[in-house]
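Structure below is entry_14.txt: compact mmCIF, C-alpha atoms.
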```
# COMPACT_ATOMS: atom_id res chain seq x y z
CA MET A 1 -11.80 -30.83 -28.95
CA PRO A 2 -13.66 -34.14 -28.79
CA ASP A 3 -17.10 -33.70 -30.38
CA ALA A 4 -20.25 -34.75 -28.53
CA PRO A 5 -20.20 -38.44 -29.61
CA GLY A 6 -16.47 -38.58 -28.95
CA LEU A 7 -17.06 -37.27 -25.45
CA GLU A 8 -19.70 -39.97 -24.86
CA LEU A 9 -17.22 -42.64 -26.01
CA ILE A 10 -14.60 -41.34 -23.60
CA ALA A 11 -17.19 -41.32 -20.80
CA GLN A 12 -18.19 -44.90 -21.60
CA ASP A 13 -14.62 -46.22 -21.66
CA LEU A 14 -13.77 -44.33 -18.50
CA ASP A 15 -16.83 -45.60 -16.69
CA GLN A 16 -15.87 -49.17 -17.52
CA THR A 17 -12.27 -48.76 -16.34
CA ALA A 18 -12.93 -46.80 -13.15
CA ALA A 19 -16.34 -48.09 -12.24
CA GLY A 20 -18.96 -45.44 -11.57
CA SER A 21 -16.56 -42.57 -11.86
CA VAL A 22 -18.48 -40.55 -14.47
CA ARG A 23 -21.47 -38.67 -13.15
CA GLY A 24 -22.35 -36.78 -16.29
CA THR A 25 -21.12 -35.08 -19.43
CA TYR A 26 -21.93 -31.94 -21.29
CA HIS A 27 -20.83 -30.40 -24.55
CA GLU A 28 -21.43 -26.70 -24.95
CA HIS A 29 -19.90 -23.98 -27.13
CA GLY A 30 -17.65 -26.62 -28.63
CA GLN A 31 -16.23 -27.46 -25.21
CA ALA A 32 -16.36 -30.94 -23.79
CA CYS A 33 -16.68 -31.60 -20.08
CA LEU A 34 -16.72 -34.71 -17.94
CA ILE A 35 -18.28 -34.48 -14.49
CA VAL A 36 -16.65 -37.10 -12.28
CA ASP A 37 -16.66 -38.52 -8.79
CA PRO A 38 -14.06 -36.69 -6.67
CA GLU A 39 -13.07 -39.93 -4.90
CA GLN A 40 -11.79 -41.38 -8.19
CA ILE A 41 -10.17 -38.26 -9.59
CA LEU A 42 -6.65 -39.76 -9.61
CA ALA A 43 -7.80 -42.82 -11.52
CA VAL A 44 -9.66 -40.64 -14.02
CA LEU A 45 -6.75 -38.28 -14.63
CA GLY A 46 -4.26 -41.15 -14.84
CA TRP A 47 -6.41 -42.99 -17.34
CA LEU A 48 -6.88 -39.87 -19.50
CA ARG A 49 -3.15 -39.22 -19.44
CA ASP A 50 -1.84 -42.71 -20.18
CA THR A 51 -4.43 -44.59 -22.25
CA PRO A 52 -3.43 -44.89 -25.91
CA GLY A 53 -5.87 -42.88 -27.95
CA GLN A 54 -6.52 -40.39 -25.14
CA GLU A 55 -3.10 -39.08 -24.05
CA TYR A 56 -4.14 -35.81 -22.48
CA ARG A 57 -0.61 -35.21 -21.24
CA PHE A 58 -0.79 -31.55 -20.33
CA LEU A 59 -2.70 -29.98 -17.45
CA ALA A 60 -3.32 -26.46 -18.71
CA SER A 61 -5.13 -25.21 -15.63
CA LEU A 62 -6.66 -26.30 -12.36
CA HIS A 63 -9.17 -24.11 -10.61
CA GLY A 64 -11.99 -24.11 -8.12
CA VAL A 65 -15.59 -22.97 -8.45
CA ASP A 66 -18.24 -22.27 -5.84
CA TYR A 67 -21.73 -23.05 -7.14
CA LEU A 68 -23.66 -21.96 -4.05
CA PRO A 69 -26.63 -22.54 -3.67
CA ALA A 70 -26.38 -25.56 -6.01
CA GLU A 71 -25.53 -29.01 -4.71
CA PRO A 72 -22.87 -30.32 -4.72
CA ARG A 73 -21.50 -26.95 -3.89
CA PHE A 74 -17.88 -26.97 -5.06
CA GLY A 75 -16.20 -27.92 -8.29
CA VAL A 76 -12.53 -28.55 -8.95
CA VAL A 77 -11.93 -28.14 -12.65
CA TYR A 78 -9.03 -29.69 -14.57
CA GLU A 79 -8.37 -28.37 -18.07
CA LEU A 80 -6.52 -31.08 -19.98
CA LEU A 81 -4.80 -30.68 -23.32
CA ASN A 82 -3.59 -33.16 -25.90
CA MET A 83 -0.82 -31.25 -27.63
CA PRO A 84 -0.36 -33.25 -30.88
CA ARG A 85 -4.10 -33.25 -31.65
CA VAL A 86 -4.74 -29.86 -29.99
CA GLU A 87 -7.71 -31.31 -28.19
CA ARG A 88 -8.94 -29.94 -24.93
CA LEU A 89 -11.00 -31.79 -22.34
CA ARG A 90 -12.44 -30.38 -19.15
CA VAL A 91 -12.81 -32.63 -16.13
CA ARG A 92 -14.87 -31.38 -13.25
CA ALA A 93 -14.90 -33.05 -9.86
CA ALA A 94 -18.16 -32.21 -8.07
CA LEU A 95 -17.37 -31.74 -4.38
CA ALA A 96 -20.03 -31.59 -1.72
CA ASP A 97 -19.72 -29.17 1.18
CA PRO A 98 -19.25 -31.19 4.41
CA GLU A 99 -20.88 -28.36 6.37
CA ALA A 100 -24.02 -28.25 4.26
CA ASP A 101 -27.32 -28.77 6.05
CA PRO A 102 -28.75 -32.04 4.62
CA SER A 103 -32.32 -31.14 5.56
CA GLU A 104 -32.29 -27.97 3.50
CA PRO A 105 -30.06 -28.48 0.47
CA GLY A 106 -28.96 -25.27 -1.19
CA ARG A 107 -29.25 -23.14 1.90
CA PRO A 108 -26.09 -21.23 2.79
CA ARG A 109 -24.74 -22.85 5.89
CA THR A 110 -24.75 -21.08 9.18
CA ARG A 111 -21.42 -20.47 10.84
CA SER A 112 -22.81 -21.10 14.28
CA GLY A 113 -23.52 -24.80 13.75
CA GLY A 114 -20.65 -26.99 12.61
CA GLY A 115 -16.94 -26.79 13.07
CA ASP A 116 -14.59 -25.72 10.34
CA GLN A 117 -14.93 -28.77 8.12
CA LEU A 118 -13.40 -28.37 4.70
CA PRO A 119 -14.12 -30.37 1.54
CA GLU A 120 -11.35 -32.76 0.56
CA ILE A 121 -10.05 -34.22 -2.68
CA ASP A 122 -6.93 -36.16 -3.67
CA SER A 123 -4.00 -34.07 -4.82
CA CYS A 124 -3.10 -34.69 -8.46
CA VAL A 125 0.52 -33.61 -8.07
CA PRO A 126 1.72 -37.25 -8.55
CA VAL A 127 -0.02 -37.30 -11.95
CA PHE A 128 0.62 -33.70 -13.03
CA PRO A 129 3.43 -32.03 -11.03
CA THR A 130 2.45 -28.63 -12.42
CA ALA A 131 -0.67 -28.74 -10.26
CA GLU A 132 1.29 -27.91 -7.12
CA PHE A 133 0.82 -24.11 -7.18
CA HIS A 134 -2.65 -24.38 -8.72
CA GLU A 135 -3.82 -26.51 -5.83
CA ARG A 136 -2.33 -24.11 -3.34
CA GLU A 137 -4.28 -21.31 -4.99
CA VAL A 138 -7.55 -23.27 -4.85
CA TYR A 139 -6.88 -24.02 -1.21
CA ASP A 140 -6.10 -20.35 -0.57
CA PHE A 141 -9.33 -19.01 -2.05
CA PHE A 142 -11.88 -21.81 -1.61
CA GLY A 143 -10.61 -23.78 1.36
CA ILE A 144 -10.49 -27.11 -0.47
CA ILE A 145 -8.04 -29.57 1.05
CA PHE A 146 -5.88 -31.54 -1.38
CA ARG A 147 -4.95 -34.82 0.30
CA GLY A 148 -1.33 -35.75 -0.22
CA HIS A 149 -0.14 -32.31 -1.28
CA HIS A 150 3.27 -31.93 0.35
CA ASP A 151 3.14 -28.16 0.94
CA LEU A 152 -0.46 -27.04 1.20
CA ARG A 153 -0.44 -23.44 2.47
CA ARG A 154 -1.69 -20.08 1.29
CA ILE A 155 -0.02 -18.77 -1.84
CA LEU A 156 -1.52 -15.32 -2.56
CA MET A 157 -3.21 -14.12 0.60
CA PRO A 158 -1.12 -13.35 3.71
CA GLU A 159 -0.22 -16.41 5.75
CA ASP A 160 -2.24 -15.24 8.75
CA TYR A 161 -5.36 -14.50 6.74
CA VAL A 162 -8.58 -15.99 8.09
CA GLY A 163 -11.34 -17.18 5.77
CA TRP A 164 -11.75 -18.33 2.16
CA PRO A 165 -12.30 -15.11 0.23
CA GLN A 166 -13.56 -16.45 -3.11
CA ARG A 167 -16.43 -18.41 -1.60
CA ARG A 168 -19.77 -16.93 -2.45
CA ASP A 169 -20.81 -16.52 1.17
CA PHE A 170 -17.67 -14.52 1.98
CA PRO A 171 -18.33 -10.80 2.41
CA VAL A 172 -16.90 -8.68 -0.40
CA GLY A 173 -15.34 -6.15 1.94
CA GLY A 174 -14.52 -2.52 1.29
CA GLU A 175 -16.14 0.46 2.93
CA PRO A 176 -18.22 3.40 1.69
CA VAL A 177 -16.27 6.40 0.47
CA ILE A 178 -17.73 9.67 1.66
CA PHE A 179 -18.41 12.25 -1.03
CA THR A 180 -20.38 15.46 -0.69
CA HIS A 181 -23.46 13.83 -2.18
CA ASN A 182 -23.65 11.00 0.35
CA GLU A 183 -21.90 12.27 3.46
CA ARG A 184 -25.19 12.82 5.30
CA GLN A 185 -26.30 9.28 4.61
CA VAL A 186 -23.20 7.68 6.09
CA PRO A 187 -23.84 7.44 9.81
CA ARG A 188 -21.46 9.40 12.03
CA TRP A 189 -19.43 10.45 9.00
CA PHE A 190 -17.81 13.26 10.93
CA GLU A 191 -15.85 10.95 13.21
CA MET B 1 9.12 70.73 -7.01
CA ALA B 2 11.09 73.79 -7.84
CA LYS B 3 11.16 74.80 -11.45
CA GLY B 4 14.22 73.70 -13.30
CA SER B 5 15.25 71.08 -10.75
CA ALA B 6 15.30 67.32 -11.23
CA ARG B 7 11.91 65.70 -11.97
CA LEU B 8 12.52 62.93 -9.54
CA GLU B 9 12.30 63.47 -5.86
CA ILE B 10 14.71 61.39 -3.88
CA LYS B 11 13.72 60.56 -0.39
CA ARG B 12 16.61 59.85 1.85
CA GLU B 13 16.21 57.37 4.68
CA LYS B 14 18.55 56.04 7.27
CA LEU B 15 19.73 52.45 6.76
CA ARG B 16 17.43 50.14 8.69
CA ALA B 17 17.79 46.74 10.18
CA LEU B 18 16.70 43.94 7.88
CA SER B 19 13.60 43.08 9.84
CA PRO B 20 11.20 45.81 11.02
CA LEU B 21 10.78 43.90 14.24
CA GLU B 22 14.37 44.44 15.10
CA GLU B 23 14.49 48.12 14.46
CA PRO B 24 15.35 49.87 17.69
CA GLN B 25 12.49 52.07 18.78
CA SER B 26 14.51 54.59 20.71
CA ALA B 27 17.95 55.93 20.88
CA ALA B 28 18.49 54.24 24.23
CA GLU B 29 17.56 50.86 22.77
CA LEU B 30 19.93 51.39 19.87
CA ARG B 31 22.64 52.21 22.35
CA VAL B 32 21.97 48.99 24.27
CA ARG B 33 22.29 46.99 21.12
CA GLN B 34 25.49 48.66 20.12
CA MET B 35 26.97 47.99 23.51
CA ARG B 36 25.90 44.38 23.36
CA ALA B 37 27.45 43.96 19.93
CA ARG B 38 30.68 45.43 21.21
CA ASP B 39 30.61 43.12 24.20
CA LEU B 40 30.06 40.17 21.89
CA LEU B 41 33.09 41.12 19.87
CA ARG B 42 35.15 41.39 23.03
CA GLY B 43 33.84 38.00 24.17
CA ASP B 44 32.17 39.44 27.26
CA LEU B 45 28.65 38.22 26.61
CA GLU B 46 27.64 35.08 28.46
CA GLY B 47 24.58 33.06 29.29
CA PRO B 48 21.16 34.61 28.62
CA ALA B 49 22.65 37.85 27.25
CA LEU B 50 24.53 35.87 24.61
CA GLU B 51 21.43 33.83 23.81
CA ARG B 52 19.42 36.98 23.39
CA HIS B 53 22.00 38.55 21.14
CA VAL B 54 22.17 35.47 18.91
CA ALA B 55 18.39 35.22 18.74
CA GLU B 56 18.18 38.87 17.72
CA SER B 57 20.80 38.70 15.01
CA VAL B 58 19.65 38.52 11.41
CA LEU B 59 21.41 35.34 10.45
CA THR B 60 19.87 32.96 12.97
CA THR B 61 16.32 34.20 12.70
CA THR B 62 16.30 33.38 9.02
CA LEU B 63 18.43 30.25 9.19
CA ASP B 64 15.40 28.11 9.98
CA LYS B 65 13.61 29.53 6.99
CA THR B 66 16.64 28.96 4.79
CA MET B 67 16.86 25.39 5.93
CA ARG B 68 13.21 24.78 5.12
CA TRP B 69 13.72 26.36 1.72
CA GLY B 70 16.63 24.05 1.10
CA ARG B 71 14.65 21.02 2.22
CA ALA B 72 11.66 21.86 0.07
CA ASN B 73 13.78 22.27 -3.03
CA SER B 74 16.02 19.25 -2.70
CA ILE B 75 13.64 16.39 -2.00
CA PHE B 76 14.83 12.89 -2.85
CA PRO B 77 11.82 10.71 -3.65
CA ALA B 78 12.07 6.96 -3.17
CA THR B 79 12.05 4.83 -6.31
CA PHE B 80 8.90 3.00 -5.40
CA GLY B 81 6.06 2.07 -7.70
CA LEU B 82 3.01 0.13 -6.55
CA ALA B 83 0.73 -0.13 -9.59
CA CYS B 84 -0.42 1.72 -12.68
CA CYS B 85 0.00 5.14 -11.06
CA ALA B 86 3.72 4.44 -11.10
CA ILE B 87 3.66 4.94 -14.87
CA GLU B 88 2.45 8.49 -14.34
CA MET B 89 5.02 8.94 -11.60
CA MET B 90 7.75 7.93 -14.05
CA ALA B 91 6.31 10.38 -16.56
CA MET B 92 6.62 13.07 -13.93
CA VAL B 93 10.35 12.47 -13.80
CA SER B 94 10.65 12.42 -17.60
CA PRO B 95 11.83 15.52 -19.49
CA ARG B 96 8.32 16.36 -20.67
CA TYR B 97 7.01 17.13 -17.18
CA ASP B 98 10.38 17.33 -15.49
CA VAL B 99 10.19 17.29 -11.72
CA ALA B 100 13.82 18.43 -11.85
CA ARG B 101 12.41 21.94 -12.15
CA PHE B 102 11.51 21.61 -8.49
CA GLY B 103 14.64 19.79 -7.45
CA ALA B 104 13.21 16.31 -6.91
CA GLU B 105 14.62 14.49 -9.91
CA ASN B 106 16.98 12.36 -7.89
CA LEU B 107 15.01 9.19 -7.18
CA ARG B 108 16.83 7.13 -4.60
CA ALA B 109 16.76 3.36 -4.72
CA SER B 110 17.13 3.05 -0.96
CA PRO B 111 14.69 4.31 1.67
CA ARG B 112 17.65 5.29 3.80
CA GLN B 113 18.55 7.97 1.28
CA ALA B 114 15.04 9.08 0.41
CA ASP B 115 12.87 11.59 2.20
CA MET B 116 9.65 11.38 0.23
CA LEU B 117 7.54 8.31 -0.47
CA ILE B 118 4.95 8.41 -3.25
CA LEU B 119 2.31 5.71 -2.81
CA SER B 120 1.61 5.19 -6.49
CA GLY B 121 -1.16 2.61 -6.68
CA ARG B 122 -3.39 0.33 -4.66
CA VAL B 123 -2.02 -0.97 -1.39
CA ALA B 124 -2.77 -4.67 -0.99
CA ILE B 125 -3.07 -5.99 2.55
CA LYS B 126 0.01 -8.09 1.91
CA MET B 127 1.97 -5.01 0.81
CA ALA B 128 0.95 -2.81 3.73
CA PRO B 129 3.53 -4.14 6.25
CA VAL B 130 6.22 -3.83 3.60
CA ILE B 131 5.35 -0.20 2.92
CA ARG B 132 5.22 0.53 6.62
CA ARG B 133 8.69 -0.94 7.02
CA LEU B 134 10.04 1.13 4.12
CA TYR B 135 8.52 4.22 5.66
CA ASP B 136 10.02 3.44 9.05
CA GLN B 137 13.42 2.97 7.44
CA MET B 138 13.37 6.45 5.95
CA LEU B 139 15.21 9.08 7.93
CA GLU B 140 13.61 12.18 9.39
CA PRO B 141 12.37 14.51 8.08
CA LYS B 142 10.16 12.51 5.71
CA TRP B 143 6.97 13.09 3.80
CA VAL B 144 4.42 10.93 2.05
CA ILE B 145 2.25 11.65 -0.97
CA SER B 146 -0.70 9.32 -1.51
CA MET B 147 -1.20 9.27 -5.27
CA GLY B 148 -4.53 8.37 -6.82
CA ALA B 149 -7.87 7.13 -5.58
CA CYS B 150 -6.69 3.65 -4.60
CA SER B 151 -4.03 4.55 -2.08
CA SER B 152 -6.18 7.38 -0.71
CA SER B 153 -9.43 5.48 -0.20
CA GLY B 154 -9.24 2.03 -1.80
CA GLY B 155 -10.74 3.46 -4.98
CA MET B 156 -12.41 0.90 -7.21
CA PHE B 157 -10.93 -1.95 -5.17
CA ALA B 158 -13.63 -2.10 -2.52
CA ASN B 159 -12.79 -5.69 -1.61
CA TYR B 160 -11.08 -7.96 0.88
CA ALA B 161 -7.59 -7.69 -0.60
CA VAL B 162 -6.90 -3.95 -0.63
CA VAL B 163 -6.36 -1.54 2.25
CA GLN B 164 -9.10 1.09 2.15
CA GLY B 165 -6.82 4.10 2.32
CA ALA B 166 -3.12 4.00 3.11
CA ASP B 167 -3.49 6.52 5.93
CA LYS B 168 -4.99 3.71 7.99
CA PHE B 169 -1.49 2.48 8.78
CA MET B 170 0.88 5.36 8.07
CA PRO B 171 0.83 9.16 8.08
CA VAL B 172 0.13 10.79 4.71
CA ASP B 173 0.82 14.46 4.03
CA ILE B 174 -0.75 15.04 0.62
CA HIS B 175 -3.55 13.17 -1.15
CA VAL B 176 -3.60 13.59 -4.92
CA PRO B 177 -6.96 12.59 -6.43
CA GLY B 178 -7.33 10.95 -9.84
CA CYS B 179 -7.39 7.53 -11.42
CA PRO B 180 -4.59 7.84 -12.22
CA PRO B 181 -3.67 11.49 -11.64
CA ARG B 182 -1.90 13.05 -14.59
CA PRO B 183 1.75 13.97 -14.04
CA GLU B 184 0.71 17.62 -13.81
CA ALA B 185 -1.62 16.75 -10.95
CA LEU B 186 1.15 14.94 -9.14
CA LEU B 187 3.46 17.90 -9.70
CA TYR B 188 0.78 20.17 -8.28
CA GLY B 189 0.52 17.95 -5.23
CA PHE B 190 4.27 18.00 -4.93
CA ASN B 191 4.25 21.81 -5.07
CA LYS B 192 1.67 21.79 -2.30
CA LEU B 193 3.99 19.63 -0.27
CA GLN B 194 6.80 22.09 -0.88
CA ARG B 195 4.58 24.90 0.37
CA MET B 196 3.84 22.84 3.43
CA ILE B 197 7.51 22.30 4.12
CA LEU B 198 8.28 25.98 3.58
CA GLY B 199 5.53 27.25 5.82
CA ASP B 200 5.51 24.59 8.46
CA PRO B 201 8.22 23.07 10.57
CA ASP B 202 8.86 19.48 9.61
CA PRO B 203 7.26 17.69 12.55
CA GLY B 204 3.85 18.98 11.49
CA TRP B 205 2.35 15.60 10.85
CA ARG B 206 3.29 14.33 14.28
CA ARG B 207 1.00 16.87 15.81
CA ARG B 208 -1.81 15.98 13.43
CA TYR B 209 -1.49 12.27 14.08
CA ASN B 210 -0.86 12.64 17.77
CA ALA B 211 2.47 10.89 17.38
CA ILE B 212 4.70 13.11 19.46
CA GLY B 213 7.69 11.34 20.90
CA THR B 214 7.92 8.69 18.18
CA GLU B 215 10.89 10.22 16.42
CA GLU B 216 13.64 7.85 15.43
CA TRP B 217 16.83 8.94 17.04
CA ALA B 218 20.07 7.08 16.90
CA ARG B 219 18.60 4.55 19.30
CA PRO B 220 21.29 2.66 21.16
CA ALA B 221 21.22 -1.08 20.64
CA THR B 222 20.00 -2.96 23.67
CA GLY B 223 22.60 -3.49 26.32
CA THR B 224 25.59 -2.14 24.42
CA ALA B 225 24.84 1.58 24.64
CA SER B 226 27.26 3.75 26.53
CA THR B 227 25.98 6.10 29.22
CA GLU B 228 26.68 9.09 26.98
CA GLU B 229 24.63 7.64 24.16
CA ALA B 230 21.70 6.87 26.40
CA GLU B 231 21.83 10.36 27.88
CA ALA B 232 22.02 12.01 24.46
CA TYR B 233 19.02 10.00 23.38
CA ALA B 234 17.02 11.03 26.42
CA VAL B 235 17.93 14.70 26.00
CA ALA B 236 17.04 14.74 22.31
CA ARG B 237 13.69 13.17 23.06
CA GLU B 238 12.97 15.64 25.82
CA LEU B 239 13.80 18.56 23.56
CA SER B 240 11.53 17.24 20.86
CA VAL B 241 8.60 16.78 23.22
CA ALA B 242 9.13 20.27 24.61
CA ARG B 243 9.20 21.71 21.10
CA HIS B 244 5.97 20.03 20.23
CA ALA B 245 4.31 21.26 23.39
CA GLU B 246 5.43 24.76 22.44
CA LEU B 247 4.05 24.42 18.93
CA ALA B 248 0.78 23.02 20.22
CA GLY B 249 0.51 26.01 22.53
CA GLU B 250 1.05 28.40 19.61
CA SER B 251 -1.57 26.81 17.41
CA GLY B 252 -4.15 27.05 20.14
```

Structure encoded using structure tokens:
Amino acid sequence: MPDAPGLELIAQDLDQTAAGSVRGTYHEHGQACLIVDPEQILAVLGWLRDTPGQEYRFLASLHGVDYLPAEPRFGVVYELLNMPRVERLRVRAALADPEADPSEPGRPRTRSGGGDQLPEIDSCVPVFPTAEFHEREVYDFFGIIFRGHHDLRRILMPEDYVGWPQRRDFPVGGEPVIFTHNERQVPRWFE
Amino acid sequence: MAKGSARLEIKREKLRALSPLEEPQSAAELRVRQMRARDLLRGDLEGPALERHVAESVLTTTLDKTMRWGRANSIFPATFGLACCAIEMMAMVSPRYDVARFGAENLRASPRQADMLILSGRVAIKMAPVIRRLYDQMLEPKWVISMGACSSSGGMFANYAVVQGADKFMPVDIHVPGCPPRPEALLYGFNKLQRMILGDPDPGWRRRYNAIGTEEWARPATGTASTEEAEAYAVARELSVARHAELAGESG
């Protein structure tokens, strides 16, 4: 785990190599995180993997987050690991929602307005081949497009499923179960 | 009783027919039956008279019952586990609970050989078509037990990924509550199913689910069926529909 000054050094070096790629850092609970520009994610990951002294060669996990109502709304999180030093580094690409209403940031978008525009980010399969299934999962649940992924389709939900179920504005689903204590409250329970 | 005689009074009765319904009410009726039996032995009975005689005889009136008894006590469940309830289902087969006491210890690995499906666990929307196909592949007569809260109503999985009750897409005969039900509970449900089979003719669920005429007969493959096959199929279907109409009339 890089400590807080170590994280700042990494951020500085990275910002010099890939100009303007680092948007912020934080160090909490002994965990270091770099917040980066999604457009430069390949450069960032490549640099962290190959630069002597960094050498985060292992992608332990890749996952998506929906921060609604925060802006930018989505995050794609890469958990990197340096095996010899047992150091972990989290890289988070902050992705804006292309359907967000710019006049009212933070408001959940309305379905009636825009088309079905999805947020996009470069696929990191060329850098870390293990990311293939992880990216399919993120696509499946959050509807984030990974540019350059050779086989981007649903991996867990049925192929004909409609919607991105792990987004925060997706309805949870389910239906009320009728017991004796609530059967009168459920409308037309007898049908 | 007279003094010095035996302390037990023995009442002598004439030998009766096995069923009280069939006991001849008068001497004339008894005579008719005797004559009919003699005619049967001579081979003289034909048509409706023969039908009547066969229907009246002891063996055929109880054959249906015997068949149901045999079915209820020799059920082959499918080896099919969905989730954590399957652990309890396996325990039911184990010697401690021992479903072999009720004749259902032979779990078949193929739906073609099974006649009971236990839905042991939550049914994900991706699994539902698979289960439906397995069910359709099972041969008639077939029964389904929905085991636990999840397969009966969705249970704790009130979300987008789980079917809220397996009876949304297939007929279910018995619902066993619990999360998970203990093996005893499942055995109790199974005994209920046996009672159902014993007391009810097998197509019971078709009436309940308004699915008359959906039986799977040896359906001829398209284009290659012979005329005899097609005719046999049509006749079997007709008979089934007629039987259901009759049953529906009986029940009201």

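With all atoms listed in the file as the atoms that count, the residue of A:Leu156, A:Val65, A:Val186, A:Val86 with the shortest distance to Ile144 of chain A is A:Val65.
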
Between B:Pro171, B:Gly165, B:Pro77, B:Gly189, which is the closest to Pro111 of chain B once you count all atoms listed in the file?
B:Pro77

What are the residues of chain A that have an atom within 7 Å of an atom of chain B, counting only C-alpha atoms, as a list in words?
Met157, Pro158, Val172, Gly173, Gly174, Glu175 and Val177 of chain A

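A straight line drawn from atom CA of Val93 of chain B to atom CA of Met67 of chain B is 24.5 Å long.
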
Can you measure atom CA of Asn82 of chain A to atom CA of Gly64 of chain A for me? One decimal in Å is fine.
21.6 Å

If we count all atoms listed in the file, what is near His134 of chain A at a cut-off of 8 Å, once residues fewer than 2 positions away on the same chain are taken out, given as a VMD selection string?
chain A and resid 61 to 63 130 to 132 136 to 138

May I have the selected residues written with C-alpha atoms, as an mmCIF file, keeping the file's coordinate frame?
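Generated file (again_32.cif):
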```
data_model
loop_
_atom_site.group_PDB
_atom_site.id
_atom_site.type_symbol
_atom_site.label_atom_id
_atom_site.label_comp_id
_atom_site.auth_asym_id
_atom_site.auth_seq_id
_atom_site.Cartn_x
_atom_site.Cartn_y
_atom_site.Cartn_z
ATOM 1 C CA SER A 61 -5.130 -25.210 -15.630
ATOM 2 C CA LEU A 62 -6.660 -26.300 -12.360
ATOM 3 C CA HIS A 63 -9.170 -24.110 -10.610
ATOM 4 C CA THR A 130 2.450 -28.630 -12.420
ATOM 5 C CA ALA A 131 -0.670 -28.740 -10.260
ATOM 6 C CA GLU A 132 1.290 -27.910 -7.120
ATOM 7 C CA ARG A 136 -2.330 -24.110 -3.340
ATOM 8 C CA GLU A 137 -4.280 -21.310 -4.990
ATOM 9 C CA VAL A 138 -7.550 -23.270 -4.850
#
```

Using only C-alpha atoms, collect all residues at a distance of at most 12 Å from (-6.3, 15.8, -8.2) as written in the file, then present them as a ChimeraX atom specification.
/B:145-149,152,174-190,192

Test item: axis-aligned box, all listed atoms of segment 75-87 of chain A, 8 Å on each side, centre and edges in Å rounded to one decimal, as AutoDock Vina command-line options:
```
--center_x -8.3 --center_y -30.6 --center_z -20.0 --size_x 31.8 --size_y 21.3 --size_z 39.4
```

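In this structure, atom CA of Ala109 of chain B sits 20.5 Å away from atom CA of Met170 of chain B.
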
Within 6 Å of segment 87-94 of chain A using all atoms listed in the file, minus same-chain residues under 5 positions, as a PyMOL selection string:
chain A and resi 1+32-38+75-82

Expected file contents, prior selection, C-alpha atoms, as an mmCIF file, keeping the file's coordinate frame:
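Final output, saved to out08.cif:
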```cif
data_model
loop_
_atom_site.group_PDB
_atom_site.id
_atom_site.type_symbol
_atom_site.label_atom_id
_atom_site.label_comp_id
_atom_site.auth_asym_id
_atom_site.auth_seq_id
_atom_site.Cartn_x
_atom_site.Cartn_y
_atom_site.Cartn_z
ATOM 1 C CA MET A 1 -11.800 -30.830 -28.950
ATOM 2 C CA ALA A 32 -16.360 -30.940 -23.790
ATOM 3 C CA CYS A 33 -16.680 -31.600 -20.080
ATOM 4 C CA LEU A 34 -16.720 -34.710 -17.940
ATOM 5 C CA ILE A 35 -18.280 -34.480 -14.490
ATOM 6 C CA VAL A 36 -16.650 -37.100 -12.280
ATOM 7 C CA ASP A 37 -16.660 -38.520 -8.790
ATOM 8 C CA PRO A 38 -14.060 -36.690 -6.670
ATOM 9 C CA GLY A 75 -16.200 -27.920 -8.290
ATOM 10 C CA VAL A 76 -12.530 -28.550 -8.950
ATOM 11 C CA VAL A 77 -11.930 -28.140 -12.650
ATOM 12 C CA TYR A 78 -9.030 -29.690 -14.570
ATOM 13 C CA GLU A 79 -8.370 -28.370 -18.070
ATOM 14 C CA LEU A 80 -6.520 -31.080 -19.980
ATOM 15 C CA LEU A 81 -4.800 -30.680 -23.320
ATOM 16 C CA ASN A 82 -3.590 -33.160 -25.900
#
```

Nearest to Val130 of chain B: which of B:Phe169, B:Gly249, B:Arg68, B:Met89 is it, counting all atoms listed in the file?
B:Phe169

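Take the candidates B:Pro129, B:Ile197, B:Ser110, B:Asp173 and check each one against Ser74 of chain B using only C-alpha atoms; the shortest distance goes to B:Ile197.
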